[in-house]
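Engineer: Take a look at the following structure, please.
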Amino acid sequence: MSTTETTFFEETISKTHPIYKPEKGRYWLYLSAGCPYAQRIWITRALKNLTDVIGVSVVHWKLDEKTGWKLLNAGETKLGENAFKIDGGILSSQDDTSSPLGDLDESSSRLFKDGTFDPHYGITQIKELYDMTDKQYKGEFLWPILWDLKTKTIVNNNWDQIPAILNSAFNDFDETKGTVDILPEHLSSDIKKYNEWLFPHINDAVYNVGLAEKQSVYETNLLNFFEDMDKIENKLREVHDTLAKEYGASNGEEILKRFFLFGNQITESDIRLFVTMIRYDSIYAVHFKLNYRLVRSDYYYIHLWMRNLYWNYPAFGQTTNFNHIKLLYTHAMRNINPNGIVPLGPEYDILKL
């Protein structure tokens, strides 16, 4: 069946699916290390302990407006075990601060710094995966991509759906035993409602502020955004106060073990909020002119919640790449940063816990 008028590929992986069955080593992810929506998938893959089950190719930080993401060109023997690491082998993911970049050209191809490559077909553009799936495809080259190596087709390219697939599809595997369920049934209604609120009010709202073309629109969107930030701060304050009453205000270790948005456990809502908050002080405050307030100085509970996830859960900290984050935004949006200057600060992109 032709997909010439289809933008999204939205299949799933399950034991009952006629084609896409859960199998170790069968699926591959093509992800950005800078994109917040891709980081949701990075985090879920790590939380579910699927790093040995699903490999990753990391696209170059420069997003081409016409052809989309690109990959580096390198021999497959150089990949080694990097594709099965929590961060895909990208070196700077282990840092908690940005590094000086110098006059880095957009054609830079430093292996395991600017990106990695495709060890299966040697492709250098994500659009080639669409061509392999359907030679008549005329839609957009959306990302990220969950790919089936057996049928050589795109399983799913909807960032909103892939985390849920990873959360449930491989639950019978030994690797996932004892891992967190980010969409537990008893919290599903709360999570769904909150996620539907988060996207327009927080995740997408930073773009509405930063890409505003009139001062009045910018100011209105900015103040609306901070009203919603206050709501999150208040929610996390209530969670923290409840835990402090139960475990004692001085028992920070026990509080942090349960300091999440819902149910004293990590859920998809924590993931969705984290990917925006972790980018806030390091790039959004400058790039999107959101410096009216900062997370680290003006939102005590959001800041504590975020640092807890970053420092105590490798799935969050080791999938956060501040260099790629800054390079992606500053070079993809030349309309608001014509020279592509990457802010070096803050000195520490995230503070210690």
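Residues in the structure tokens are numbered from 1 in each chain, the chains being A, B, ... in the order shown, and ligands are numbered from 1 in the order shown.
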Please provide the set of residues having any atom within 12 Å of Pro346 in chain A, restricted to only C-alpha atoms, with same-chain residues fewer than 5 positions apart removed, written as a list in words.

Structural biologist: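 Answer for this query is Asp96, Thr97, Ser98, Ser99, Pro100, Arg279, Tyr280, Asp281, Ser282, Ile283, Tyr284, Ala285, Val286, Leu294, Arg296, Phe322, Lys326 and Leu351 of chain A.
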
Engineer: Just the residues within 9 Å of Leu243 in chain A, please, counting only C-alpha atoms, with nothing from its chain fewer than 6 positions along; format it as a list in words.

Structural biologist: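 Counting only the stated atoms, we get Ala249, Glu254, Ile255, Leu256, Arg258 and Phe259 of chain A.
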
Engineer: Report, in Å with one decimal, the straight-line distance from CA of Pro200 in chain A to CA of Lys66 in chain A.

Structural biologist: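 Answer for the CA of Pro200 in chain A to CA of Lys66 in chain A separation: 26.4 Å.
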
Engineer: Looking at only C-alpha atoms, which of A:Ser269, A:Leu344, A:Val56, A:Lys62 is the one that sits closest to Leu187 in chain A?

Structural biologist: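 Nearest candidate to Leu187 in chain A out of A:Ser269, A:Leu344, A:Val56, A:Lys62: A:Ser269.
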
Engineer: What lies within 9 Å of Lys289 in chain A using only C-alpha atoms, ignoring chain neighbours under 2 positions off, as number ranges by chain?

Structural biologist: A: 209-210, 218, 222, 284-287, 291-292

Engineer: Have a look at A:Thr16, A:Gly115, A:Pro22, A:Phe9 and name the one nearest to Asn323 in chain A; count only C-alpha atoms.

Structural biologist: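 Residue with the minimum atom-to-atom distance to Asn323 in chain A: A:Gly115.
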
Engineer: Can you list, as a ChimeraX atom specification, all residues belonging to range 203-250 of chain A that DSSP tags as alpha helix (DSSP H)?

Structural biologist: /A:205-210,215-247

Engineer: Hey, what's within 6 Å of Val59 in chain A if we count only C-alpha atoms and toss same-chain stuff fewer than 5 positions away? As an mmCIF file with C-alpha atoms, in the first residue's frame, please?

Structural biologist:
```cif
data_model
loop_
_atom_site.group_PDB
_atom_site.id
_atom_site.type_symbol
_atom_site.label_atom_id
_atom_site.label_comp_id
_atom_site.auth_asym_id
_atom_site.auth_seq_id
_atom_site.Cartn_x
_atom_site.Cartn_y
_atom_site.Cartn_z
ATOM 1 C CA SER A 32 18.751 13.219 17.730
ATOM 2 C CA LYS A 70 21.795 13.386 8.287
ATOM 3 C CA LEU A 71 24.185 10.720 9.541
ATOM 4 C CA GLY A 115 26.856 12.110 15.556
#
```

Engineer: Provide the CA of Trp159 in chain A to CA of Val53 in chain A distance in Å, to one decimal place.

Structural biologist: 19.2 Å

Engineer: Please give the complete set of residues from range 59-243 of chain A that DSSP, run on the backbone, assigns to strand (DSSP E or B), formatted as a ChimeraX atom specification.

Structural biologist: /A:64,68,70,72,111,115,117,125,145-148,153-156
